[in-house]
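Asks: Starting off with a structure, shown below.
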Amino acid sequence: MEDVFEIAGRQFGSRLLIGSSGYPNRQVMMAALEASGAEVVTVSIRRISLDGYAESMLDLMGGRYVLLPNTAGCQTAREAVLTARLAREALQTDWVKLEVIGDAETLHPDVEQLLRATEELVAEGFKVLPYCNDDPVTCRKLADAGAAAVMPLGSPIGSGLGICNPRAIEHICARIGVPVILDAGIGTASDAALAMELGCSAVLLNTAVAKADDPPAMARAMRLGVEAGRLARRAGRIPRLDRAEPSSPQLGLIGT
Amino acid sequence: MTLAADSNAGAAPATIRVNGVDEPLAAGTLGELLAARGIVPGARGVAVALDGTVVPAADWAGTRLAPGAEIEIVRPFQGG
């Protein structure tokens, strides 16, 4: 049976989205992106260095990957909306990973500002993918505001703690009418698999691959983790029991 | 004379702010300012905002700069 992953009417073959930050160098990054099988790669929007020309992410990856600009570092809806508009101009895309950060320590989203920015950008025709809390109410409000997907955190950005609240993620996946992309906190391949088993449509990660000892190998592990988790989800897991259930037949036992 | 010179010395030179750094206003238009930095319309991946509003590349040449203008020049960078 065909398993189509679609956001805002666009279909993707891979359910793994990957970031482009923090790799040891560009060769390792390109090898890791290749190994991940991802089609969508996130980028930030930053002031150019006025000192001179540096090779652009666009030169490096344009054409090979769908670049998804983020609004990382923004703390208000106003900053995030301007960043999204600049990103649209720079990359000729109306897609944006919307981040509005409310706390410098935990990098948790500012829900009020996030919702406001989502409404504003949706009204301007953006396809908004908000990075948000693992809170079903927030996710529902973002979806109602027209977000193309919601991207709840598994745990704080870069923490590698995995999915701290799997029941909330499962609940969000069951109730939200837009794709749920687990974003942030993934530490290793089993975390990515769990996200998919809980019902997520996709996983977005960066640090777990970029800072691994061997980024391309971890990228492949993440790819396989996402695929395994998706297959398991669709295959339908057995219920959890609080007792044993013999797996071998109980008839014809020797000695009976 | 003294009074006139004092009054001239007191007038702040016109400045603009480019990517967070103040500089004298030397260019007449946004296009001139960008061209002086090697950025011309068609530059891949570059976007520019003037006073919080994105200015499309087609409008750079015709956009005049006033004292106090705040300009942001950005491009895609590594990100998660």
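All residue names refer to the structure tokens as shown: chains lettered A, B, ... in order, residues numbered from 1 in each chain, ligands numbered from 1 in order.
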If we count only C-alpha atoms and set the cut-off at 8 Å, which residues sit around Ile73 (chain B), ignoring sequence neighbours fewer than 4 positions away in its own chain? Please answer as a PyMOL selection string.

Replies: (chain A and resi 47-48) or (chain B and resi 18-19+46-49)

Asks: Using only C-alpha atoms and a distance of at most 7 Å, pull out the residues of chain A that contact chain B, as a CSV table (one decimal) with all heavy atoms, in the first residue's frame.

Replies:
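Resulting contents of out.csv:
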chain,number,residue,atom,x,y,z
A,19,GLY,N,18.6,19.1,9.6
A,19,GLY,CA,19.2,20.5,9.7
A,19,GLY,C,20.6,20.5,9.2
A,19,GLY,O,21.2,19.5,8.9
A,20,SER,N,21.1,21.7,8.9
A,20,SER,CA,22.4,21.9,8.3
A,20,SER,C,23.4,22.6,9.2
A,20,SER,O,24.4,23.1,8.7
A,20,SER,CB,22.2,22.8,7.0
A,20,SER,OG,21.6,24.1,7.4
A,21,SER,N,23.2,22.5,10.5
A,21,SER,CA,24.0,23.3,11.4
A,21,SER,C,24.9,22.4,12.3
A,21,SER,O,24.5,21.3,12.7
A,21,SER,CB,23.1,24.1,12.4
A,21,SER,OG,23.9,25.0,13.1
A,42,THR,N,16.8,22.1,6.6
A,42,THR,CA,16.5,23.5,7.2
A,42,THR,C,17.8,24.3,7.2
A,42,THR,O,18.9,23.9,7.3
A,42,THR,CB,16.1,23.3,8.7
A,42,THR,OG1,17.0,22.6,9.4
A,42,THR,CG2,14.7,22.6,8.7
A,43,VAL,N,17.5,25.6,7.0
A,43,VAL,CA,18.6,26.6,7.1
A,43,VAL,C,18.1,27.8,7.9
A,43,VAL,O,16.9,28.0,8.1
A,43,VAL,CB,19.0,27.2,5.7
A,43,VAL,CG1,19.6,26.0,4.8
A,43,VAL,CG2,17.8,27.8,4.9
A,44,SER,N,19.0,28.6,8.4
A,44,SER,CA,18.7,29.8,9.1
A,44,SER,C,18.8,31.0,8.2
A,44,SER,O,19.4,30.9,7.1
A,44,SER,CB,19.5,30.0,10.4
A,44,SER,OG,20.9,30.2,10.0
A,45,ILE,N,18.4,32.2,8.6
A,45,ILE,CA,18.5,33.4,7.8
A,45,ILE,C,19.3,34.3,8.7
A,45,ILE,O,18.9,34.7,9.8
A,45,ILE,CB,17.2,34.0,7.5
A,45,ILE,CG1,16.3,33.1,6.6
A,45,ILE,CG2,17.3,35.4,6.8
A,45,ILE,CD1,16.9,32.8,5.2
A,46,ARG,N,20.5,34.7,8.2
A,46,ARG,CA,21.4,35.5,9.1
A,46,ARG,C,21.9,36.7,8.3
A,46,ARG,O,22.0,36.7,7.0
A,46,ARG,CB,22.6,34.7,9.6
A,46,ARG,CG,22.2,33.7,10.6
A,46,ARG,CD,21.8,34.3,11.9
A,46,ARG,NE,21.4,33.4,13.0
A,46,ARG,CZ,20.2,33.0,13.2
A,46,ARG,NH1,19.2,33.4,12.5
A,46,ARG,NH2,19.9,32.1,14.2
A,47,ARG,N,22.4,37.7,9.0
A,47,ARG,CA,23.0,38.9,8.4
A,47,ARG,C,24.3,38.4,7.6
A,47,ARG,O,25.0,37.6,8.1
A,47,ARG,CB,23.5,39.9,9.4
A,47,ARG,CG,22.3,40.6,10.0
A,47,ARG,CD,22.7,41.4,11.3
A,47,ARG,NE,21.7,42.3,11.7
A,47,ARG,CZ,21.7,43.0,12.8
A,47,ARG,NH1,22.7,42.9,13.7
A,47,ARG,NH2,20.7,43.9,13.1
A,48,ILE,N,24.5,38.9,6.4
A,48,ILE,CA,25.7,38.6,5.7
A,48,ILE,C,26.9,39.2,6.4
A,48,ILE,O,26.8,40.2,7.1
A,48,ILE,CB,25.7,39.1,4.2
A,48,ILE,CG1,25.6,40.6,4.1
A,48,ILE,CG2,24.5,38.4,3.5
A,48,ILE,CD1,26.0,41.1,2.8
A,56,SER,N,27.5,30.4,-0.3
A,56,SER,CA,26.2,30.3,0.3
A,56,SER,C,25.6,28.9,0.4
A,56,SER,O,26.0,28.0,-0.4
A,56,SER,CB,25.2,31.2,-0.6
A,56,SER,OG,23.9,30.7,-0.5
A,57,MET,N,24.7,28.7,1.4
A,57,MET,CA,24.0,27.4,1.5
A,57,MET,C,23.3,27.1,0.2
A,57,MET,O,23.1,26.0,-0.2
A,57,MET,CB,23.0,27.4,2.6
A,57,MET,CG,23.6,27.7,4.0
A,57,MET,SD,24.9,26.4,4.4
A,57,MET,CE,23.8,25.1,5.0
A,58,LEU,N,22.9,28.2,-0.5
A,58,LEU,CA,22.1,28.0,-1.7
A,58,LEU,C,23.0,27.5,-2.8
A,58,LEU,O,22.6,26.6,-3.6
A,58,LEU,CB,21.5,29.4,-2.1
A,58,LEU,CG,20.4,29.4,-3.1
A,58,LEU,CD1,19.2,28.6,-2.6
A,58,LEU,CD2,19.9,30.9,-3.2
A,82,LEU,N,9.2,39.2,10.0
A,82,LEU,CA,10.2,39.8,9.1
A,82,LEU,C,11.2,38.8,8.6
A,82,LEU,O,11.5,38.8,7.4
A,82,LEU,CB,10.9,41.0,9.8
A,82,LEU,CG,12.0,41.7,9.0
A,82,LEU,CD1,11.5,42.2,7.7
A,82,LEU,CD2,12.7,42.8,9.8
A,85,ARG,N,9.6,36.8,5.9
A,85,ARG,CA,9.5,37.6,4.6
A,85,ARG,C,10.9,37.7,4.0
A,85,ARG,O,11.0,37.6,2.7
A,85,ARG,CB,9.0,39.0,5.0
A,85,ARG,CG,7.5,39.0,5.4
A,85,ARG,CD,7.1,40.4,5.8
A,85,ARG,NE,5.7,40.5,6.2
A,85,ARG,CZ,5.3,41.4,7.1
A,85,ARG,NH1,6.2,42.3,7.5
A,85,ARG,NH2,4.1,41.4,7.5
A,86,LEU,N,11.9,37.9,4.7
A,86,LEU,CA,13.3,37.9,4.2
A,86,LEU,C,13.7,36.6,3.6
A,86,LEU,O,14.2,36.5,2.5
A,86,LEU,CB,14.3,38.3,5.2
A,86,LEU,CG,14.3,39.8,5.6
A,86,LEU,CD1,15.1,40.1,6.9
A,86,LEU,CD2,15.0,40.6,4.4
A,89,GLU,N,12.1,36.1,0.3
A,89,GLU,CA,12.8,36.8,-0.8
A,89,GLU,C,14.1,36.1,-1.1
A,89,GLU,O,14.5,36.0,-2.3
A,89,GLU,CB,13.0,38.2,-0.3
A,89,GLU,CG,13.7,39.1,-1.2
A,89,GLU,CD,12.9,39.6,-2.4
A,89,GLU,OE1,11.6,39.3,-2.4
A,89,GLU,OE2,13.4,40.1,-3.4
A,90,ALA,N,14.8,35.7,-0.1
A,90,ALA,CA,16.1,35.1,-0.3
A,90,ALA,C,16.1,33.7,-1.0
A,90,ALA,O,16.9,33.4,-1.9
A,90,ALA,CB,16.9,35.0,1.0
A,91,LEU,N,15.1,32.9,-0.7
A,91,LEU,CA,15.0,31.6,-1.2
A,91,LEU,C,13.9,31.3,-2.1
A,91,LEU,O,13.8,30.2,-2.6
A,91,LEU,CB,14.9,30.6,0.0
A,91,LEU,CG,16.2,30.5,0.9
A,91,LEU,CD1,15.9,29.8,2.2
A,91,LEU,CD2,17.3,29.8,0.2
A,206,ASN,N,18.7,17.5,13.9
A,206,ASN,CA,19.9,18.1,13.5
A,206,ASN,C,21.1,17.7,14.3
A,206,ASN,O,22.0,17.0,13.9
A,206,ASN,CB,19.8,19.7,13.5
A,206,ASN,CG,21.0,20.4,12.9
A,206,ASN,OD1,20.8,21.6,12.5
A,206,ASN,ND2,22.1,19.8,12.8

Asks: So which residues touch Thr29 (chain B) within 9 Å, counting only C-alpha atoms, skipping near sequence neighbours fewer than 3 positions away, as a PyMOL selection string?

Replies: chain B and resi 32-34+60-66

Asks: Export N, CA and C atoms of the chosen residues as a CSV table (one decimal), in the first residue's frame?

Replies:
chain,number,residue,atom,x,y,z
B,32,GLU,N,22.8,51.7,-4.6
B,32,GLU,CA,24.2,52.2,-4.5
B,32,GLU,C,24.9,51.6,-3.3
B,33,LEU,N,24.2,51.6,-2.2
B,33,LEU,CA,24.8,51.0,-0.9
B,33,LEU,C,25.1,49.6,-1.1
B,34,LEU,N,24.3,48.8,-1.8
B,34,LEU,CA,24.5,47.4,-1.9
B,34,LEU,C,25.6,47.1,-3.0
B,60,TRP,N,15.6,48.0,-5.6
B,60,TRP,CA,16.8,48.5,-4.9
B,60,TRP,C,17.2,49.9,-5.5
B,61,ALA,N,17.3,49.9,-6.8
B,61,ALA,CA,17.9,51.1,-7.5
B,61,ALA,C,17.0,52.3,-7.2
B,62,GLY,N,15.7,52.1,-7.1
B,62,GLY,CA,14.8,53.3,-6.9
B,62,GLY,C,14.5,53.6,-5.5
B,63,THR,N,15.1,52.9,-4.5
B,63,THR,CA,14.8,53.2,-3.1
B,63,THR,C,15.8,54.2,-2.5
B,64,ARG,N,15.3,55.4,-2.2
B,64,ARG,CA,16.2,56.4,-1.6
B,64,ARG,C,16.5,56.1,-0.1
B,65,LEU,N,17.7,56.5,0.3
B,65,LEU,CA,18.0,56.3,1.7
B,65,LEU,C,18.0,57.6,2.5
B,66,ALA,N,17.3,57.6,3.6
B,66,ALA,CA,17.2,58.8,4.4
B,66,ALA,C,18.1,58.6,5.7

Asks: Write out as a list in words the residues lying within 8 Å of region 160-173 of chain A, counting only C-alpha atoms and excluding same-chain residues fewer than 4 positions away.

Replies: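 With the cut-off at 8 Å, the set is Asp134, Asp135, Pro136, Cys139, Pro152, Leu153, Gly154, Ser155, Pro156, Pro179, Val180, Gly185, Ile186, Gly187, Thr188, Asp191, Ala195, Leu198, Gly199, Cys200, Thr207 and Ala208 of chain A.
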
Asks: Give the helix (DSSP H, G or I) residues of region 11-56 of chain B, as DSSP finds them on the backbone, and put them as a PyMOL selection string.

Replies: chain B and resi 30-35

Asks: Do you have the CA of Val40 (chain A)-CA of Ala145 (chain A) distance handy?

Replies: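 Pair CA of Val40 (chain A) / CA of Ala145 (chain A) returns 23.5 Å.
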
Asks: Please give the complete set of residues from region 86-245 of chain A that DSSP, run on the backbone, assigns to strand (DSSP E or B), formatted as a list in words.

Replies: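 Assigned to strand (DSSP E or B), within region 86-245 of chain A: Trp95, Val96, Lys97, Leu98, Ile101, Pro109, Lys127, Val128, Leu129, Pro130, Tyr131, Cys132, Val150, Met151, Pro152, Val180, Ile181, Leu182, Asp183, Ala202, Val203, Leu204 and Leu205 of chain A.
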
Asks: Using only C-alpha atoms, which protein or nucleic acid residues come within 6 Å of Met151 (chain A)? Drop anything in the same chain fewer than 2 positions from it, and give the result as a compact mmCIF listing (two decimals) with N, CA and C atoms, in the first residue's frame.

Replies:
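Generated output (part_3.txt):
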# COMPACT_ATOMS: atom_id res chain seq x y z
N PRO A 130 5.15 25.44 12.41
CA PRO A 130 5.62 25.98 13.68
C PRO A 130 6.25 24.93 14.60
N TYR A 131 7.40 25.29 15.13
CA TYR A 131 8.06 24.51 16.19
C TYR A 131 7.34 24.89 17.49
N CYS A 132 6.78 23.87 18.17
CA CYS A 132 5.89 24.20 19.29
C CYS A 132 6.06 23.24 20.47
N VAL A 180 2.02 15.83 11.89
CA VAL A 180 2.78 16.12 13.10
C VAL A 180 4.23 15.70 12.85
N ILE A 181 5.13 16.66 12.97
CA ILE A 181 6.55 16.38 12.75
C ILE A 181 7.27 16.57 14.08
N LEU A 182 7.84 15.48 14.59
CA LEU A 182 8.56 15.57 15.86
C LEU A 182 9.84 16.37 15.62
N ASP A 183 9.97 17.47 16.32
CA ASP A 183 11.10 18.36 16.10
C ASP A 183 11.80 18.62 17.42

Asks: Go ahead and compute the interatomic distance for CA of Ala244 (chain A) and CA of Met196 (chain A), in Å to one decimal.

Replies: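 Computing it gives 26.5 Å between the two atoms.
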
Asks: Expressed in Å to a single decimal, how great is the separation between CA of Ala235 (chain A) and CA of Ala193 (chain A)?

Replies: 13.5 Å

Asks: May I have the residues within 6 Å of Ala14 (chain B) as a short mmCIF file (atom, residue, chain, number, x, y, z; two decimals) with all heavy atoms, in the first residue's frame, using only C-alpha atoms and disregarding those fewer than 5 positions away in the same chain?

Replies:
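What follows is the written file result-v2.cif:
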data_model
loop_
_atom_site.label_atom_id
_atom_site.label_comp_id
_atom_site.auth_asym_id
_atom_site.auth_seq_id
_atom_site.Cartn_x
_atom_site.Cartn_y
_atom_site.Cartn_z
N PRO B 24 28.31 56.37 8.16
CA PRO B 24 27.84 57.61 7.53
C PRO B 24 26.97 57.29 6.33
O PRO B 24 27.19 56.29 5.63
CB PRO B 24 29.15 58.29 7.08
CG PRO B 24 30.24 57.61 7.81
CD PRO B 24 29.77 56.22 8.11
N LEU B 25 25.98 58.12 6.11
CA LEU B 25 25.12 57.95 4.94
C LEU B 25 25.86 58.48 3.73
O LEU B 25 26.02 59.69 3.55
CB LEU B 25 23.81 58.71 5.14
CG LEU B 25 22.86 58.79 3.94
CD1 LEU B 25 22.57 57.42 3.36
CD2 LEU B 25 21.57 59.48 4.33
N PRO B 67 18.53 59.68 6.31
CA PRO B 67 19.28 59.55 7.57
C PRO B 67 18.48 58.73 8.58
O PRO B 67 17.27 58.87 8.67
CB PRO B 67 19.44 61.00 8.05
CG PRO B 67 19.35 61.82 6.80
CD PRO B 67 18.38 61.09 5.91
#
